[in-house]
Amino acid sequence: MTAMEADGPVRNATNRRTALKRILSRTGPFTDEAYVPGPEVYDFLSTMKILVIGAGGLGCEILKNLALSGFTDIHVIDMDTIDISNLNRQFLFRQADIGKSKAIVAAEFIMKRVKGVKITPYFGKIQDKDEAYYSEFGIVICGLDSVEARRWINATLVNMVDISNPESLKPLIDGGTEGFKGQSRVILPTITSCYECSLEMLGKQQTFPMCTIANTPRLPEHCIEWSSVLEWPKVFKEKKLDNDNPEHVQWLYETALRRAREFNIAGVTYSLTQGVAKNIIPAIASTNAIIAASCCNEALKIATTCNPYMNNYMMYSGSDSIYTYTFEYEKKDDCPVCGNLASDFDANPEWTLEEFIEKLPDSQQVRIKNPSLRTAERNLYLQSPPQLEEATRPNLSKALKELVSNGQEVSITDPGLPFSVKLRLLY
């Protein structure tokens with residue numbers, strides 16, 4: 001697919017979709033035997049309601065591709081506003097749009113350029129919507145830069161599946177980019193592996209020694225971490241830092257910049273502050289375009305059955321050359337979302353409960369930031385409400401062997417995730 005022209009409306013919708021109609025009007029060498037080509041397929045495609053989550057670098061490409069691929073009822077969710085740093089690759093936005101909602105501006109731009117397409121934006125969080133909302137869509141496509149948001153929507157769609165109602169299964173197409181690397185995947189909730197099954201593939205988040213951050217910063221990242229980890233709680237006390245809030249990120253940037261000047265450190269920028277605060281790598285436009293094209297191809301194949309959809313994971317690398325590899329990521333029986341078994345976790349019985357909790361955010365099996373822990377017999381530690389936190393706080397200093405026996409299951413929850421992680425502790 002080609003990108004939109006810089007100016008002027010897209011002309012001649014009939015000619016623009018001639019190629020698509022030609023594809024849908026015939027069978028191919030890999031087409032399913034049950035596929036019946038014809039205008040009915042195109043008509044069905046134009047009535048399917050599809051949801052795009054994220055209207056950033058990847059989301060702009062996905063929205064454009066869908067609008068030019070015959071989808072005419074598109075919804076988009078994004079909680080971010082447009083920043084000047086977005087304009088080099090998020091081509092649906094202009095300088096006059098800075099400060100406005102990404103979802104709303106993207107929807108208005110595409111509807112102006114591609115006649116006959118209706119895009120319904122929502123400026124807010126995906127957690128604002130309930131299962132009834134997500135059940136309205138035939139396909140969900142994610143173009144997110146947040147692991148937590150991906151985990152939430154993945155678990156939500158898995159929980160929605162009712163085996164007695166095939167319509168409750170909503171295919172999830174997930175795309176992600178990291179510099180010159182990217183991946184796309186097709187998730188059929190409860191049938192194929194889900195996003196949580198592959199959590200171990202994520203790289204370990206970079207961390208810095210606290211003594212370096214506090215006393216001898218040498219890198220711009222040290223200054224940003226200082227403003228986030230040490231200075232924010234000192235200044236704002238109980239107010240929680242929201243890395244998705246532009247005002248909060250701006251405060252981190254200005255504070256880190258003052259810290260950097262104090263130690264003669266160069267390189268603190270707003271975009272770097274965003275990257276460190278949100279643990280993201282700056283996006284590259286060409287990678288976004290390739291991964292978005294893959295996601296939209298899969299959406300077209302699922303919606304029309306004109307060709308087999310991907311099974312189920314595609315990796316892309318453009319660092320040295322162009323390389324792709326597609327494989328089936330297997331479903332895990334001990335996945336906390338789509339599986340039913342506890343995952344084994346090697347632990348030291350001499351660890352205190354607090355030491356065990358500190359290891360959870362970086363654990364490939366867990367990656368939970370605000371854990372509350374329980375066994376079948378008792379509450380080990382609860383983050384909230386305050387009364388229960390205070391009641392379970394004494395357990396933090398106790399050794400694991402005093403609280404959990406060898407082979408016993410521990411259930412871990414996080415207020416930001418709609419599922420629990422089950423670990424079987426092995427000493």
# chains A, B, ... in the order shown; residues from 1 in each chain; ligands from 1
call {"tool": "residues_around", "arguments": {"residues": "Ser384 of chain A", "least_positions_apart": "5", "cutoff": "9 Å", "atoms": "only C-alpha atoms", "output": "PyMOL selection string"}}
result
chain A and resi 372+389-390
call {"tool": "write_last_selection", "arguments": {"atoms": "C-alpha atoms", "output": "short mmCIF file (atom, residue, chain, number, x, y, z; two decimals), in the first residue's frame"}}
result
data_model
loop_
_atom_site.label_atom_id
_atom_site.label_comp_id
_atom_site.auth_asym_id
_atom_site.auth_seq_id
_atom_site.Cartn_x
_atom_site.Cartn_y
_atom_site.Cartn_z
CA SER A 372 -0.34 -8.39 46.31
CA GLU A 389 -1.55 -3.30 53.96
CA GLU A 390 -0.80 -2.37 57.55
#
call {"tool": "residues_around", "arguments": {"residues": "segment 71-87 of chain A", "least_positions_apart": "3", "cutoff": "9 Å", "atoms": "only C-alpha atoms", "output": "PyMOL selection string"}}
result
chain A and resi 45-57+59+63+66-68+90-95+97-107+116-126+137+244-246+270-271+300
call {"tool": "write_last_selection", "arguments": {"atoms": "N, CA and C atoms", "output": "short mmCIF file (atom, residue, chain, number, x, y, z; two decimals), in the first residue's frame"}}
result
data_model
loop_
_atom_site.label_atom_id
_atom_site.label_comp_id
_atom_site.auth_asym_id
_atom_site.auth_seq_id
_atom_site.Cartn_x
_atom_site.Cartn_y
_atom_site.Cartn_z
N LEU A 45 -16.82 -7.02 4.24
CA LEU A 45 -15.64 -6.31 4.72
C LEU A 45 -15.98 -4.86 5.07
N SER A 46 -16.80 -4.24 4.25
CA SER A 46 -17.13 -2.83 4.45
C SER A 46 -18.07 -2.60 5.63
N THR A 47 -18.68 -3.66 6.15
CA THR A 47 -19.60 -3.51 7.28
C THR A 47 -19.00 -4.01 8.60
N MET A 48 -17.85 -4.65 8.52
CA MET A 48 -17.23 -5.16 9.75
C MET A 48 -16.72 -4.01 10.61
N LYS A 49 -16.99 -4.07 11.89
CA LYS A 49 -16.51 -3.06 12.83
C LYS A 49 -15.17 -3.52 13.40
N ILE A 50 -14.15 -2.68 13.27
CA ILE A 50 -12.80 -3.04 13.69
C ILE A 50 -12.25 -1.97 14.63
N LEU A 51 -11.51 -2.40 15.64
CA LEU A 51 -10.97 -1.49 16.66
C LEU A 51 -9.45 -1.42 16.55
N VAL A 52 -8.94 -0.20 16.53
CA VAL A 52 -7.49 0.03 16.56
C VAL A 52 -7.15 0.68 17.90
N ILE A 53 -6.23 0.07 18.63
CA ILE A 53 -5.80 0.62 19.92
C ILE A 53 -4.43 1.25 19.73
N GLY A 54 -4.37 2.55 19.86
CA GLY A 54 -3.13 3.29 19.65
C GLY A 54 -3.17 4.08 18.36
N ALA A 55 -2.89 5.39 18.43
CA ALA A 55 -2.88 6.24 17.24
C ALA A 55 -1.55 6.98 17.14
N GLY A 56 -0.48 6.29 17.52
CA GLY A 56 0.86 6.87 17.43
C GLY A 56 1.51 6.50 16.12
N GLY A 57 2.83 6.23 16.16
CA GLY A 57 3.55 5.92 14.94
C GLY A 57 3.01 4.71 14.22
N GLY A 59 0.01 3.22 14.98
CA GLY A 59 -1.43 3.39 14.79
C GLY A 59 -1.79 4.23 13.59
N LEU A 63 -4.26 2.79 10.74
CA LEU A 63 -5.51 3.45 10.38
C LEU A 63 -5.55 3.77 8.89
N LEU A 66 -6.01 0.45 6.87
CA LEU A 66 -7.37 -0.10 6.97
C LEU A 66 -8.35 0.70 6.13
N ALA A 67 -8.23 2.03 6.18
CA ALA A 67 -9.13 2.89 5.42
C ALA A 67 -8.99 2.67 3.92
N LEU A 68 -7.79 2.31 3.48
CA LEU A 68 -7.55 2.08 2.05
C LEU A 68 -7.72 0.61 1.66
N GLN A 90 4.59 10.48 12.56
CA GLN A 90 3.14 10.29 12.69
C GLN A 90 2.46 11.26 11.74
N PHE A 91 2.33 10.80 10.50
CA PHE A 91 2.06 11.69 9.36
C PHE A 91 0.62 12.20 9.29
N LEU A 92 -0.24 11.75 10.18
CA LEU A 92 -1.61 12.26 10.19
C LEU A 92 -1.73 13.57 10.96
N PHE A 93 -0.62 14.00 11.58
CA PHE A 93 -0.65 15.19 12.43
C PHE A 93 0.19 16.32 11.83
N ARG A 94 -0.22 17.55 12.17
CA ARG A 94 0.48 18.74 11.70
C ARG A 94 0.84 19.62 12.91
N GLN A 95 1.63 20.64 12.69
CA GLN A 95 2.08 21.51 13.78
C GLN A 95 0.90 22.13 14.52
N ASP A 97 -1.74 20.82 15.26
CA ASP A 97 -2.44 19.82 16.06
C ASP A 97 -1.77 19.57 17.41
N ILE A 98 -0.62 20.18 17.66
CA ILE A 98 0.11 19.92 18.90
C ILE A 98 -0.78 20.23 20.11
N GLY A 99 -0.82 19.28 21.04
CA GLY A 99 -1.65 19.42 22.24
C GLY A 99 -3.03 18.81 22.12
N LYS A 100 -3.43 18.43 20.88
CA LYS A 100 -4.75 17.83 20.67
C LYS A 100 -4.69 16.31 20.81
N SER A 101 -5.86 15.71 20.91
CA SER A 101 -5.97 14.25 21.03
C SER A 101 -5.51 13.56 19.75
N LYS A 102 -4.64 12.58 19.89
CA LYS A 102 -4.19 11.82 18.72
C LYS A 102 -5.35 11.08 18.04
N ALA A 103 -6.20 10.45 18.85
CA ALA A 103 -7.31 9.68 18.29
C ALA A 103 -8.26 10.56 17.49
N ILE A 104 -8.60 11.71 18.04
CA ILE A 104 -9.57 12.60 17.38
C ILE A 104 -8.98 13.19 16.10
N VAL A 105 -7.75 13.67 16.16
CA VAL A 105 -7.13 14.29 14.98
C VAL A 105 -6.92 13.25 13.89
N ALA A 106 -6.45 12.05 14.26
CA ALA A 106 -6.25 11.00 13.25
C ALA A 106 -7.55 10.63 12.56
N ALA A 107 -8.63 10.51 13.34
CA ALA A 107 -9.92 10.15 12.77
C ALA A 107 -10.41 11.23 11.80
N GLY A 116 -16.19 8.02 2.52
CA GLY A 116 -16.95 6.80 2.78
C GLY A 116 -16.49 6.01 3.98
N VAL A 117 -15.40 6.45 4.61
CA VAL A 117 -14.89 5.78 5.80
C VAL A 117 -15.33 6.54 7.05
N LYS A 118 -15.85 5.80 8.02
CA LYS A 118 -16.24 6.40 9.30
C LYS A 118 -15.29 5.91 10.38
N ILE A 119 -14.62 6.84 11.05
CA ILE A 119 -13.73 6.49 12.14
C ILE A 119 -14.23 7.16 13.42
N THR A 120 -14.49 6.35 14.43
CA THR A 120 -15.01 6.84 15.71
C THR A 120 -13.87 6.86 16.72
N PRO A 121 -13.44 8.05 17.17
CA PRO A 121 -12.32 8.11 18.12
C PRO A 121 -12.78 8.11 19.57
N TYR A 122 -11.91 7.63 20.43
CA TYR A 122 -12.13 7.77 21.87
C TYR A 122 -10.83 8.25 22.49
N PHE A 123 -10.88 9.39 23.15
CA PHE A 123 -9.72 9.99 23.79
C PHE A 123 -9.72 9.57 25.25
N GLY A 124 -9.00 8.51 25.56
CA GLY A 124 -8.98 7.99 26.92
C GLY A 124 -8.26 6.67 26.98
N LYS A 125 -8.38 5.99 28.13
CA LYS A 125 -7.68 4.74 28.36
C LYS A 125 -8.53 3.55 27.92
N ILE A 126 -7.86 2.46 27.54
CA ILE A 126 -8.59 1.25 27.17
C ILE A 126 -9.32 0.69 28.38
N PHE A 137 -16.83 -5.52 18.38
CA PHE A 137 -15.90 -5.53 17.25
C PHE A 137 -15.62 -6.95 16.74
N ASP A 244 2.40 8.46 31.41
CA ASP A 244 1.64 8.78 30.20
C ASP A 244 1.06 10.19 30.25
N ASN A 245 1.25 10.90 31.38
CA ASN A 245 0.73 12.25 31.53
C ASN A 245 1.78 13.25 31.03
N PRO A 246 1.48 14.02 29.97
CA PRO A 246 2.46 14.96 29.41
C PRO A 246 2.98 15.97 30.42
N TYR A 270 13.63 15.97 25.83
CA TYR A 270 12.27 15.55 26.17
C TYR A 270 12.00 14.13 25.67
N SER A 271 12.44 13.85 24.43
CA SER A 271 12.19 12.51 23.86
C SER A 271 12.93 11.43 24.64
N LEU A 300 -7.20 -8.24 6.95
CA LEU A 300 -7.93 -8.49 5.71
C LEU A 300 -8.18 -9.98 5.51
#
call {"tool": "select_by_dssp", "arguments": {"residues": "segment 137-367 of chain A", "states": "helix (DSSP H, G or I)", "output": "MDAnalysis selection string"}}
result
chainID A and resid 147:160 166:168 195:201 210:215 220:236 246:262 270:278 285:304 353:359
call {"tool": "residues_around", "arguments": {"residues": "segment 169-179 of chain A", "least_positions_apart": "4", "cutoff": "7 Å", "atoms": "only C-alpha atoms", "output": "ChimeraX atom specification"}}
result
/A:138-144,157,161,183-189,281-284,287-288,291-292,295
call {"tool": "residues_around", "arguments": {"residues": "Asn264 of chain A", "least_positions_apart": "6", "cutoff": "12 Å", "atoms": "only C-alpha atoms", "output": "mmCIF file with C-alpha atoms, in the first residue's frame"}}
result
data_model
loop_
_atom_site.group_PDB
_atom_site.id
_atom_site.type_symbol
_atom_site.label_atom_id
_atom_site.label_comp_id
_atom_site.auth_asym_id
_atom_site.auth_seq_id
_atom_site.Cartn_x
_atom_site.Cartn_y
_atom_site.Cartn_z
ATOM 1 C CA THR A 216 27.554 10.403 40.994
ATOM 2 C CA PRO A 217 25.425 10.653 37.839
ATOM 3 C CA ARG A 218 27.425 10.266 34.614
ATOM 4 C CA LEU A 219 24.746 9.769 31.959
ATOM 5 C CA PRO A 220 21.618 11.730 30.998
ATOM 6 C CA CYS A 223 19.517 12.370 35.748
ATOM 7 C CA ALA A 256 16.461 16.160 34.972
ATOM 8 C CA LEU A 257 17.790 19.025 32.853
ATOM 9 C CA ARG A 258 18.636 21.061 35.956
#
call {"tool": "closest_residue", "arguments": {"among": "A:Arg22, A:Arg378, A:Lys181, A:Lys398", "to": "Phe356 of chain A", "atoms": "only C-alpha atoms"}}
result
A:Lys398
call {"tool": "residues_around", "arguments": {"residues": "Trp152 of chain A", "least_positions_apart": "5", "cutoff": "9 Å", "atoms": "only C-alpha atoms", "output": "count of residues only"}}
result
8
call {"tool": "decode", "arguments": {"residues": "segment 335-365 of chain A", "atoms": "N, CA, C and O atoms", "output": "short mmCIF file (atom, residue, chain, number, x, y, z; two decimals), in the first residue's frame"}}
result
data_model
loop_
_atom_site.label_atom_id
_atom_site.label_comp_id
_atom_site.auth_asym_id
_atom_site.auth_seq_id
_atom_site.Cartn_x
_atom_site.Cartn_y
_atom_site.Cartn_z
N CYS A 335 0.50 -20.59 31.48
CA CYS A 335 0.24 -19.17 31.25
C CYS A 335 -0.82 -18.69 32.23
O CYS A 335 -1.88 -19.33 32.36
N PRO A 336 -0.58 -17.59 32.93
CA PRO A 336 -1.57 -17.12 33.92
C PRO A 336 -2.87 -16.63 33.32
O PRO A 336 -3.86 -16.47 34.03
N VAL A 337 -2.88 -16.37 32.00
CA VAL A 337 -4.09 -15.84 31.36
C VAL A 337 -4.87 -16.94 30.64
O VAL A 337 -6.06 -17.12 30.87
N CYS A 338 -4.20 -17.68 29.76
CA CYS A 338 -4.93 -18.68 28.96
C CYS A 338 -4.64 -20.11 29.39
O CYS A 338 -5.23 -21.05 28.85
N GLY A 339 -3.75 -20.31 30.35
CA GLY A 339 -3.45 -21.65 30.85
C GLY A 339 -4.17 -21.90 32.16
O GLY A 339 -4.93 -21.07 32.66
N ASN A 340 -3.91 -23.07 32.74
CA ASN A 340 -4.57 -23.40 34.00
C ASN A 340 -3.63 -24.01 35.03
O ASN A 340 -4.07 -24.54 36.04
N LEU A 341 -2.32 -23.94 34.78
CA LEU A 341 -1.35 -24.50 35.71
C LEU A 341 -0.48 -23.40 36.31
O LEU A 341 -0.27 -22.36 35.69
N ALA A 342 0.01 -23.65 37.51
CA ALA A 342 0.94 -22.71 38.14
C ALA A 342 2.32 -22.87 37.52
O ALA A 342 2.70 -23.95 37.08
N SER A 343 3.07 -21.79 37.49
CA SER A 343 4.42 -21.79 36.94
C SER A 343 5.42 -22.01 38.07
O SER A 343 5.31 -21.41 39.14
N ASP A 344 6.41 -22.88 37.84
CA ASP A 344 7.43 -23.13 38.85
C ASP A 344 8.36 -21.93 38.99
O ASP A 344 8.76 -21.31 38.00
N PHE A 345 8.72 -21.60 40.23
CA PHE A 345 9.60 -20.47 40.50
C PHE A 345 10.62 -20.91 41.54
O PHE A 345 10.27 -21.27 42.66
N ASP A 346 11.90 -20.90 41.14
CA ASP A 346 12.97 -21.26 42.07
C ASP A 346 13.24 -20.12 43.03
O ASP A 346 13.56 -19.00 42.61
N ALA A 347 13.12 -20.40 44.31
CA ALA A 347 13.28 -19.36 45.32
C ALA A 347 14.21 -19.85 46.43
O ALA A 347 14.37 -21.06 46.65
N ASN A 348 14.79 -18.90 47.12
CA ASN A 348 15.63 -19.20 48.28
C ASN A 348 14.76 -19.09 49.53
O ASN A 348 14.18 -18.03 49.80
N PRO A 349 14.67 -20.17 50.31
CA PRO A 349 13.78 -20.11 51.49
C PRO A 349 14.22 -19.08 52.52
O PRO A 349 13.42 -18.68 53.37
N GLU A 350 15.49 -18.61 52.42
CA GLU A 350 15.99 -17.62 53.37
C GLU A 350 15.63 -16.19 52.96
O GLU A 350 15.80 -15.25 53.75
N TRP A 351 15.19 -16.01 51.71
CA TRP A 351 14.75 -14.68 51.30
C TRP A 351 13.63 -14.20 52.22
O TRP A 351 12.76 -14.99 52.62
N THR A 352 13.63 -12.93 52.52
CA THR A 352 12.46 -12.36 53.17
C THR A 352 11.37 -12.17 52.12
O THR A 352 11.65 -12.16 50.91
N LEU A 353 10.15 -12.02 52.58
CA LEU A 353 9.05 -11.78 51.63
C LEU A 353 9.30 -10.50 50.84
O LEU A 353 9.00 -10.43 49.65
N GLU A 354 9.89 -9.49 51.50
CA GLU A 354 10.18 -8.23 50.82
C GLU A 354 11.20 -8.44 49.71
O GLU A 354 11.06 -7.89 48.61
N GLU A 355 12.22 -9.24 49.95
CA GLU A 355 13.23 -9.53 48.93
C GLU A 355 12.61 -10.28 47.76
O GLU A 355 12.94 -10.03 46.59
N PHE A 356 11.71 -11.20 48.05
CA PHE A 356 11.01 -11.94 47.00
C PHE A 356 10.16 -10.99 46.14
O PHE A 356 10.18 -11.06 44.91
N ILE A 357 9.45 -10.07 46.80
CA ILE A 357 8.61 -9.11 46.07
C ILE A 357 9.46 -8.21 45.17
O ILE A 357 9.05 -7.88 44.05
N GLU A 358 10.64 -7.83 45.65
CA GLU A 358 11.51 -6.95 44.86
C GLU A 358 11.98 -7.62 43.58
O GLU A 358 12.36 -6.93 42.61
N LYS A 359 11.99 -8.94 43.53
CA LYS A 359 12.43 -9.66 42.33
C LYS A 359 11.33 -9.81 41.29
O LYS A 359 11.60 -10.12 40.13
N LEU A 360 10.08 -9.59 41.66
CA LEU A 360 8.96 -9.86 40.77
C LEU A 360 8.88 -8.93 39.55
O LEU A 360 8.59 -9.40 38.46
N PRO A 361 9.14 -7.61 39.68
CA PRO A 361 9.02 -6.75 38.49
C PRO A 361 9.98 -7.13 37.36
O PRO A 361 9.64 -6.96 36.19
N ASP A 362 11.15 -7.68 37.69
CA ASP A 362 12.12 -8.04 36.67
C ASP A 362 12.05 -9.51 36.27
O ASP A 362 12.76 -9.94 35.37
N SER A 363 11.20 -10.28 36.93
CA SER A 363 11.08 -11.70 36.61
C SER A 363 10.38 -11.87 35.26
O SER A 363 9.33 -11.29 35.01
N GLN A 364 10.96 -12.70 34.39
CA GLN A 364 10.36 -12.95 33.08
C GLN A 364 8.99 -13.61 33.21
O GLN A 364 8.15 -13.48 32.35
N GLN A 365 8.77 -14.31 34.31
CA GLN A 365 7.50 -15.02 34.50
C GLN A 365 6.40 -14.12 35.04
O GLN A 365 5.21 -14.45 34.89
#
